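As structure tokens, the structure follows; a few thoughts come after it.
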Amino acid sequence: MQSPRGRGAAMRSINPPVVSYGSSTYQPAISSLDRPVQFLKGVGPGRAPLLQKLGLLTARDVLYHAPHRYEDASTITHIGALATGMDATIIGRVVSAGVLPTRKGLRIFQAVIRDDTGMIECAWPGQPYLERVIHKGDLLLLSGPVKFFHGRQMQPREFTVVAGEGETPGDDGAGFIFPVYPATEGLTYRQLRKLIHDNLDELLRRVREEEDAIPADVLKRIEVEPLWKALDHVHRPTSLAEAEQGRRRLAFEELFYLQLLHARTRHRTVAERAGIAFQRKDFLVKPFHRQLPFTLTNAQKKVLKEIGEDMASPKRMNRLLQGDVGSGKTVVALFAMLRAVENGYQAALMVPTEILAEQHARTLQRLLADLPVSITLLTGRLGTKQWKEVSYRIASGDADIVVGTHALIQEGVQFHNLGLVVVDEQHRFGVKQRLTIQDMSQNGDTLVMSATPIPRSLALTLYGDLDISVLDERPPGRRPIKTALRMESSRPRVFKFVEEEVRKGRQAYIVYPLVEESEKVDLKAAAAEFEQLQGLFPHLRMALIHGQMPGEEKDRTMRAFGAGEVDVLVSTTVIEVGIDVPNATVMVIEHAERFGLSQLHQLRGRVGRGSEDSFCILIFGGQGSLERLKVFASTEDGFAIAEADLRLRGAGDLFGARQSGLPAFRFADLEKDLNLLSAARGEARAIVERDPELANHPQLRDALSTRYEERARMFRVG
């Protein structure tokens, strides 16, 4: 969730905006906590610009400026009790400090630290610059091993300057937790700590005077602290457990407001417009089911039941279907589309690329060859005459199922009676695009699909406005992909294996993380390597594809590879979402350590689509990434891989620029706060169901409008 007023807020007025909710317009109340930060004690007009660099415009912003870590002085060892061989944490004042040169030219910074029980020398070999950081009289918190060097000596692994000479931040040690705040040039974390603590009592008094925006019964059910107490515990904890209690309350607040936005979006999509109650007629669905050459998995049956119940309801369906590569999402979507068609409505399937649209159209025509259902393809490649013909078929209702790209939502495309919109590869579309897609049908259902497995916590964060179905079972008979890890020294043997597979009539991908070589990054680049590979394999048909190529050229290259006219496709991650090429059996990924596990999983999914054995070979440099890559090689379960990726890299890196709508949290941790997130979703939905315009919850309405206005606009509920 965005923090109260993001970093860009420095350029905006702090006056609350006029906001529309339904048919009513109002201006949120101005709180004393929303006064400019310059009026706080110790700030003034001179220091205010420094705080603004941290995104702190108001007193409330300062309260929500969370420490990024705590230094724990509650378990310190007295200096007098230190013994050689111990690993300890101490706190004390600097008695003397300076740089000591050695005969070999090494410069050692040394400081003598004293507490009430004794003194010890601390040494930092090769770090003379600390002379500018640590001064006589400073109060230091230090951790490290105690060694013997002309007496006891500590060589600290880490240290914190808790206070300067003459400063007393509470008891000089025992039982005290020191918060360390994100700082900026010209404003140290110590200065920030003093500023916050000097104003904390007054700010907490103001918080207590205001009514907590989150209803008391909600806080009681979740078992979290009142806001004022949580803020006190975050900034002034007496133990790490107390700091965690405060963080948990503020984490719930972040998650709750996000889910409130999702709930209002869901209400706007599902409840404010009448939906279509699709009847179960089965004159298309049953014949289709009977002719399937395979048995549906239990996961598919479960998801079809969820979708069937949604479609039978008079409310609009707004559901996300998550499933790994090969889990059978297309078949599930086709059941839903046939349900719409047999009720006299049209269905639209929207995908991100033209070549994928063509593949889906062919698949649907093959699966429905014996049923009276028309499949129509609409892409930007159509000529003017074809476009008019296809547009007429769509507008007249002759097109039962329309498969297309963004062309489906272009001006001039008019459906006769659109009842269901299916969006494939959902992660390629942002929040705003998704809401636009949902508006294609005034009262029809929406099913969005994603082949990018993501942890449940991320799914609830990104798609909290959607009901979520998961296909976590793969159809029997799908051959496993053999995954191998190879050091760079093994590259010749890997390429020889690629050549052997091509001689058997197979095809291969070789993927690089960059397009062109960079002086700053020592990585093999696709364009440069393509030329070398052509020289290495002069007898093989090779092609290059990357994201900087014009769309038509990319399509031509992918079509040629799909048609078997190219043996080896050299590529960047542009093929992460690509066409189905059953004859491709080898995926070689260079510099695999540069990719996230989920991205590697998507690339691996490009092979293993035919009846032959398939292989994914990761070429990597250095042992540092080996353990992470071993996790990937050990499983083909996309959800397990996504959980590992979230744990190892975090939510932001997991999606990067590919995913829009992922909020930045200050307090919430998606890996460990799943229960809080689920509870926040349930509470938010319950409130919106009873009070969709938050007329009876003015504090919540004000908080959304003033503190989270940008995201409210994104979700079109503000």
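Ordering of the structure tokens sets the chain letters (A, B, ...); residue numbers start at 1 within each chain; ligands are numbered from 1 in the order shown.
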Which range 315-407 of chain A residues have any atom within 9 Å of an atom of range 623-642 of chain A, and for each, what is the nearest pair of atoms with distance in Å to one decimal, counting only C-alpha atoms, rows sorted by chain and number, as JSON lines?
{"residue": "A:Gly323", "atom": "CA", "partner": "A:Gly638", "partner_atom": "CA", "distance": 8.6}
{"residue": "A:Asp324", "atom": "CA", "partner": "A:Gly638", "partner_atom": "CA", "distance": 6.0}
{"residue": "A:Val325", "atom": "CA", "partner": "A:Gly638", "partner_atom": "CA", "distance": 8.2}
Keeping only C-alpha atoms, write the selected residues as an mmCIF file, in the first residue's frame.
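What ended up in again_28.cif:
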data_model
loop_
_atom_site.group_PDB
_atom_site.id
_atom_site.type_symbol
_atom_site.label_atom_id
_atom_site.label_comp_id
_atom_site.auth_asym_id
_atom_site.auth_seq_id
_atom_site.Cartn_x
_atom_site.Cartn_y
_atom_site.Cartn_z
ATOM 1 C CA GLY A 323 -3.087 -21.956 -13.702
ATOM 2 C CA ASP A 324 0.368 -23.200 -14.549
ATOM 3 C CA VAL A 325 1.503 -23.879 -18.105
#
Quiz item: Can you tell me, as a ChimeraX atom specification, what residues are no more than 12 Å from Gly610 in chain A when counting only C-alpha atoms, ignoring any on the same chain fewer than 6 positions away?
Solution: /A:326,477-481,506-507,580-586
Could you build a table of the residues in range 341-369 of chain A lying no more than 10 Å from range 266-279 of chain A, giving for each the nearest pair of atoms and their separation in Å rounded to one decimal place, using only C-alpha atoms, ordered by chain and ascending residue number, as a tab-separated table?
residue	atom	partner	partner_atom	distance
A:Val341	CA	A:Phe278	CA	9.7
A:Glu342	CA	A:Gln279	CA	8.8
A:Asn343	CA	A:Phe278	CA	6.4
A:Gly344	CA	A:Phe278	CA	9.5
A:Tyr345	CA	A:Phe278	CA	9.4
Output N, CA and C atoms for every residue in that selection, as a compact mmCIF listing (two decimals), in the first residue's frame.
# COMPACT_ATOMS: atom_id res chain seq x y z
N VAL A 341 -22.70 -18.69 -25.25
CA VAL A 341 -23.23 -18.81 -26.62
C VAL A 341 -24.56 -19.54 -26.64
N GLU A 342 -24.68 -20.62 -25.86
CA GLU A 342 -25.94 -21.37 -25.89
C GLU A 342 -27.09 -20.61 -25.22
N ASN A 343 -26.76 -19.50 -24.54
CA ASN A 343 -27.79 -18.62 -23.99
C ASN A 343 -28.08 -17.44 -24.91
N GLY A 344 -27.51 -17.47 -26.13
CA GLY A 344 -27.79 -16.43 -27.10
C GLY A 344 -26.87 -15.23 -27.03
N TYR A 345 -25.75 -15.35 -26.34
CA TYR A 345 -24.82 -14.23 -26.19
C TYR A 345 -23.52 -14.51 -26.94
Practice problem: Write down as number ranges by chain the residues of range 328-415 of chain A whose backbone DSSP state falls under helix (DSSP H, G or I). | Solution: A: 329-342, 354-367, 384-396, 406-409
Output for the residues just chosen: C-alpha atoms as a PDB file, in the first residue's frame:
ATOM      1  CA  LYS A 329      -7.075 -23.065 -18.673  1.00  0.00           C
ATOM      2  CA  THR A 330      -8.142 -22.790 -22.318  1.00  0.00           C
ATOM      3  CA  VAL A 331     -10.528 -25.739 -22.038  1.00  0.00           C
ATOM      4  CA  VAL A 332     -12.068 -24.273 -18.873  1.00  0.00           C
ATOM      5  CA  ALA A 333     -12.526 -20.911 -20.595  1.00  0.00           C
ATOM      6  CA  LEU A 334     -14.112 -22.620 -23.582  1.00  0.00           C
ATOM      7  CA  PHE A 335     -16.734 -24.272 -21.370  1.00  0.00           C
ATOM      8  CA  ALA A 336     -17.625 -20.789 -20.065  1.00  0.00           C
ATOM      9  CA  MET A 337     -17.770 -19.308 -23.563  1.00  0.00           C
ATOM     10  CA  LEU A 338     -20.046 -22.101 -24.776  1.00  0.00           C
ATOM     11  CA  ARG A 339     -22.363 -21.466 -21.815  1.00  0.00           C
ATOM     12  CA  ALA A 340     -22.668 -17.843 -22.964  1.00  0.00           C
ATOM     13  CA  VAL A 341     -23.226 -18.806 -26.619  1.00  0.00           C
ATOM     14  CA  GLU A 342     -25.943 -21.372 -25.889  1.00  0.00           C
ATOM     15  CA  GLU A 354      -1.582 -11.253 -32.796  1.00  0.00           C
ATOM     16  CA  ILE A 355       0.290 -14.508 -33.195  1.00  0.00           C
ATOM     17  CA  LEU A 356      -1.197 -15.809 -29.922  1.00  0.00           C
ATOM     18  CA  ALA A 357      -4.666 -14.734 -31.084  1.00  0.00           C
ATOM     19  CA  GLU A 358      -4.215 -16.710 -34.304  1.00  0.00           C
ATOM     20  CA  GLN A 359      -3.064 -19.768 -32.331  1.00  0.00           C
ATOM     21  CA  HIS A 360      -6.090 -19.575 -30.020  1.00  0.00           C
ATOM     22  CA  ALA A 361      -8.447 -19.174 -32.980  1.00  0.00           C
ATOM     23  CA  ARG A 362      -7.015 -22.318 -34.626  1.00  0.00           C
ATOM     24  CA  THR A 363      -7.260 -24.242 -31.338  1.00  0.00           C
ATOM     25  CA  LEU A 364     -10.909 -23.244 -30.827  1.00  0.00           C
ATOM     26  CA  GLN A 365     -11.806 -24.101 -34.443  1.00  0.00           C
ATOM     27  CA  ARG A 366     -10.244 -27.538 -33.992  1.00  0.00           C
ATOM     28  CA  LEU A 367     -11.968 -28.227 -30.660  1.00  0.00           C
ATOM     29  CA  THR A 384      -9.642  -2.517 -44.576  1.00  0.00           C
ATOM     30  CA  LYS A 385     -12.030  -4.812 -46.450  1.00  0.00           C
ATOM     31  CA  GLN A 386     -11.500  -7.729 -44.045  1.00  0.00           C
ATOM     32  CA  TRP A 387     -11.875  -5.380 -41.060  1.00  0.00           C
ATOM     33  CA  LYS A 388     -15.255  -4.182 -42.316  1.00  0.00           C
ATOM     34  CA  GLU A 389     -16.429  -7.742 -42.939  1.00  0.00           C
ATOM     35  CA  VAL A 390     -15.336  -8.952 -39.493  1.00  0.00           C
ATOM     36  CA  SER A 391     -16.765  -5.857 -37.781  1.00  0.00           C
ATOM     37  CA  TYR A 392     -20.110  -6.480 -39.492  1.00  0.00           C
ATOM     38  CA  ARG A 393     -20.167 -10.117 -38.363  1.00  0.00           C
ATOM     39  CA  ILE A 394     -19.469  -9.022 -34.779  1.00  0.00           C
ATOM     40  CA  ALA A 395     -22.047  -6.224 -34.813  1.00  0.00           C
ATOM     41  CA  SER A 396     -24.729  -8.414 -36.411  1.00  0.00           C
ATOM     42  CA  HIS A 406      -6.333  -4.939 -28.202  1.00  0.00           C
ATOM     43  CA  ALA A 407      -8.210  -4.442 -31.463  1.00  0.00           C
ATOM     44  CA  LEU A 408     -11.283  -5.738 -29.618  1.00  0.00           C
ATOM     45  CA  ILE A 409     -11.531  -2.514 -27.587  1.00  0.00           C
TER      46      ILE A 409
END
Quiz item: Residues at most 12 Å from Val43 in chain A, counting only C-alpha atoms, excluding those fewer than 4 positions away in the same chain, as a list in words?
Solution: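 Within the cut-off, the hits are Pro36, Val37, Gln38, Phe39, Arg47, Ala48, Pro49, Leu50, Leu51, Gln52, Leu56, Leu57, Thr58, Ala59, Val62, Leu187, Gln191, Leu192, Lys194, Leu195, Ile196, Asp198 and Asn199 of chain A.
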Quiz item: Between A:Val373, A:Gly92, A:Arg69, A:Gly80, which is the closest to Leu240 in chain A once you count only C-alpha atoms?
Solution: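 The answer is A:Arg69, which sits nearest to Leu240 in chain A.
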